[in-house]
Amino acid sequence: MQEAKYYKKLEEEKVQCLLCLKECVIGDGKRGFCRARENKGGKLYSRIFAQATSVAMDPIEKKPLYHFYPGTMILSLGTNGCNFACPFCQNWEISQTEVATRTITPEEAVATAKDRGSIGIAYTYSEPLIWYEYVLETARLAHERGLKNVLVTNGFINEEPLRELLPYIDALNIDVKAMKDSFYKGMCKAELGPVLRTAEIANKKALVEITNLIIPTINNGEDDFRKLIDWVANSLGVDTPLHFSRYFPHYKMKIEPTPISTLEKAGNMAREKLRYVYLGNVGGEEANSTRCYRCGKSVILRAGYGVAAMELEDGKCRYCQAQINVIM
């Protein structure tokens, strides 16, 4: 265990966690909503510091990040716990329950990334922001050693800890689950506003890509798509990659899978305002390849999670020389 950075002490040995917007008040011997932070004798500790459920090399495209060192591999770390409670969670075994972990110190994580030829470290699988103390220490060390740091996150964090972490983060995929606060409150036990704020703040410091899981009958209307598209275009910029992802029944939610036609409709609407739009959990070159916004030619051809061909020179389209928003 390691003492938490963001909390305050209350009377009767209670503490209030100040990491995310839930700001749990936790009695002695109790844990917060995320189950990752525990009060011991009036001090708040991270139960999961350096405890990883998964340590694996993944394609960067699996995060998904399509505009950050495409075609490379990145060491990916995850842990137990989450500050959301989504009934459709794809990684519920670690987010909503607990599985066995292995210890990997920040020094070991950085050394592993170096040894395996990784571009850096991705904090992913479950919610990395509840792993805050570990992510901050590891990301700082990785940054010093010339490695990149990536967050795959729900974005639900208070502004002060976010701003402390961001100088060491190079790219984020932020999951915007819906543009309705009622969805967040009912489905996730959270709020929409802080997620949008996180994306807007992070967008000024790092590469940001947005993912939206489309669930039939829940967040699959044209108005849902339009609000998300307009927010991305107006608040983050038309160069921001947007991934519409296909839902499949999982965990507690048994709704039928999203029709591909629904994703195609969302994608077509988004391309009217955004330059880079992708369809996840669909497969096929058309859904996942990067096209030049000016001439329409494929500049990054993807097959599954791999890059089959790249038609870029110094970040520009080989055919028309348009600048493509990609870090290489």
# chains A, B, ... in the order shown; residues from 1 in each chain; ligands from 1
$ residues_around --residues "segment 149-158 of chain A" --least-positions-apart "5" --cutoff "8 Å" --atoms "only C-alpha atoms" --output "JSON, numbers by chain"
{"A": [18, 19, 20, 21, 63, 83, 120, 121, 122, 123, 124, 125, 127, 128, 129, 139, 142, 143, 168, 169, 170, 171, 172, 173, 174, 175, 176, 190, 194, 195, 196, 198, 199]}
$ residues_around --residues "Glu285 of chain A" --least-positions-apart "5" --cutoff "8 Å" --atoms "only C-alpha atoms" --output "PyMOL selection string"
chain A and resi 301-304
$ write_last_selection --atoms "N, CA and C atoms" --output "tab-separated table (two decimals), in the first residue's frame"
chain	number	residue	atom	x	y	z
A	301	LEU	N	-3.19	2.47	-44.08
A	301	LEU	CA	-4.05	1.32	-44.36
A	301	LEU	C	-3.91	0.31	-43.23
A	302	ARG	N	-5.01	0.02	-42.56
A	302	ARG	CA	-4.97	-0.89	-41.41
A	302	ARG	C	-5.67	-2.20	-41.73
A	303	ALA	N	-5.08	-3.28	-41.22
A	303	ALA	CA	-5.67	-4.60	-41.29
A	303	ALA	C	-5.72	-5.13	-39.87
A	304	GLY	N	-6.92	-5.22	-39.31
A	304	GLY	CA	-7.04	-5.57	-37.90
A	304	GLY	C	-6.39	-4.50	-37.05
$ residues_around --residues "Phe68 of chain A" --least-positions-apart "4" --cutoff "9 Å" --atoms "only C-alpha atoms" --output "PDB file with C-alpha atoms, in the first residue's frame"
ATOM      1  CA  ILE A  60      -1.073   0.962 -30.175  1.00  0.00           C
ATOM      2  CA  GLU A  61      -4.135   0.645 -32.413  1.00  0.00           C
ATOM      3  CA  THR A  72       4.047   0.350 -33.068  1.00  0.00           C
ATOM      4  CA  ASP A 170       1.611  12.081 -24.378  1.00  0.00           C
ATOM      5  CA  ALA A 171      -1.713  10.691 -25.603  1.00  0.00           C
ATOM      6  CA  LEU A 207      -2.964  14.043 -28.374  1.00  0.00           C
ATOM      7  CA  VAL A 326      -0.610  12.099 -36.664  1.00  0.00           C
ATOM      8  CA  ILE A 327       2.379  11.767 -34.342  1.00  0.00           C
ATOM      9  CA  MET A 328       5.098   9.483 -35.683  1.00  0.00           C
TER      10      MET A 328
END
$ closest_atom_pairs --of "segment 117-170 of chain A" --to "segment 27-45 of chain A" --cutoff "10 Å" --atoms "only C-alpha atoms" --output "CSV"
residue,atom,partner,partner_atom,distance
A:Glu127,CA,A:Cys34,CA,9.3
A:Ile130,CA,A:Ala36,CA,6.7
A:Trp131,CA,A:Ala36,CA,7.6
A:Glu133,CA,A:Tyr45,CA,9.8
$ write_last_selection --atoms "C-alpha atoms" --output "PDB file, in the first residue's frame"
ATOM      1  CA  GLU A 127      -9.648   2.702 -15.153  1.00  0.00           C
ATOM      2  CA  ILE A 130      -7.841   5.218  -9.762  1.00  0.00           C
ATOM      3  CA  TRP A 131      -4.245   3.888  -9.972  1.00  0.00           C
ATOM      4  CA  GLU A 133      -0.128   7.352  -7.439  1.00  0.00           C
TER       5      GLU A 133
END
$ residues_around --residues "Tyr7 of chain A" --least-positions-apart "4" --cutoff "7 Å" --atoms "only C-alpha atoms" --output "PyMOL selection string"
chain A and resi 15-18
$ write_last_selection --atoms "N, CA and C atoms" --output "compact mmCIF listing (two decimals), in the first residue's frame"
# COMPACT_ATOMS: atom_id res chain seq x y z
N VAL A 15 -11.96 9.93 6.31
CA VAL A 15 -11.22 10.70 5.31
C VAL A 15 -12.14 10.96 4.13
N GLN A 16 -11.81 11.99 3.37
CA GLN A 16 -12.53 12.24 2.12
C GLN A 16 -11.55 12.19 0.97
N CYS A 17 -11.76 11.27 0.05
CA CYS A 17 -10.91 11.16 -1.13
C CYS A 17 -11.22 12.31 -2.08
N LEU A 18 -10.19 12.93 -2.63
CA LEU A 18 -10.36 14.07 -3.51
C LEU A 18 -9.80 13.79 -4.91
$ select_by_dssp --residues "segment 27-270 of chain A" --states "strand (DSSP E)" --output "PyMOL selection string"
chain A and resi 37-40+43-46+51-52+54-59+73-78+102-103+120-123+148-153+171-175+207-214+242-246
$ residues_around --residues "segment 275-278 of chain A" --least-positions-apart "4" --cutoff "6 Å" --atoms "only C-alpha atoms" --output "list in words"
Val238, Asp239, Pro241, Leu242, His243, Ala287, Asn288 and Tyr293 of chain A
$ write_last_selection --atoms "C-alpha atoms" --output "PDB file, in the first residue's frame"
ATOM      1  CA  VAL A 238     -11.934  18.889 -36.424  1.00  0.00           C
ATOM      2  CA  ASP A 239      -8.574  17.044 -36.435  1.00  0.00           C
ATOM      3  CA  PRO A 241     -10.000  11.331 -34.150  1.00  0.00           C
ATOM      4  CA  LEU A 242     -13.433   9.973 -33.183  1.00  0.00           C
ATOM      5  CA  HIS A 243     -14.029   6.225 -32.815  1.00  0.00           C
ATOM      6  CA  ALA A 287     -13.763   1.317 -41.215  1.00  0.00           C
ATOM      7  CA  ASN A 288     -10.276   1.580 -39.759  1.00  0.00           C
ATOM      8  CA  TYR A 293      -9.261  14.794 -45.668  1.00  0.00           C
TER       9      TYR A 293
END
$ closest_residue --among "A:Glu3, A:Glu256, A:Glu11, A:Glu164" --to "Thr217 of chain A" --atoms "only C-alpha atoms"
A:Glu256
$ closest_residue --among "A:Lys148, A:Leu65, A:Thr262, A:Tyr184" --to "Thr240 of chain A" --atoms "only C-alpha atoms"
A:Leu65
$ closest_residue --among "A:Cys89, A:Cys82, A:Leu147, A:Ala111" --to "Leu213 of chain A" --atoms "only C-alpha atoms"
A:Cys89
$ closest_residue --among "A:Asp314, A:Glu264, A:Asp115, A:Glu160" --to "Ile214 of chain A" --atoms "only C-alpha atoms"
A:Glu264
$ select_by_dssp --residues "segment 189-317 of chain A" --states "helix (DSSP H, G or I)" --output "number ranges by chain"
A: 193-202, 222-236, 260-271, 285-288
$ closest_residue --among "A:Gly296, A:Glu311, A:Asp224, A:Lys252" --to "Asn91 of chain A" --atoms "only C-alpha atoms"
A:Lys252
$ closest_residue --among "A:Lys273, A:Gly284, A:Leu165, A:Lys9" --to "Ile260 of chain A" --atoms "only C-alpha atoms"
A:Gly284
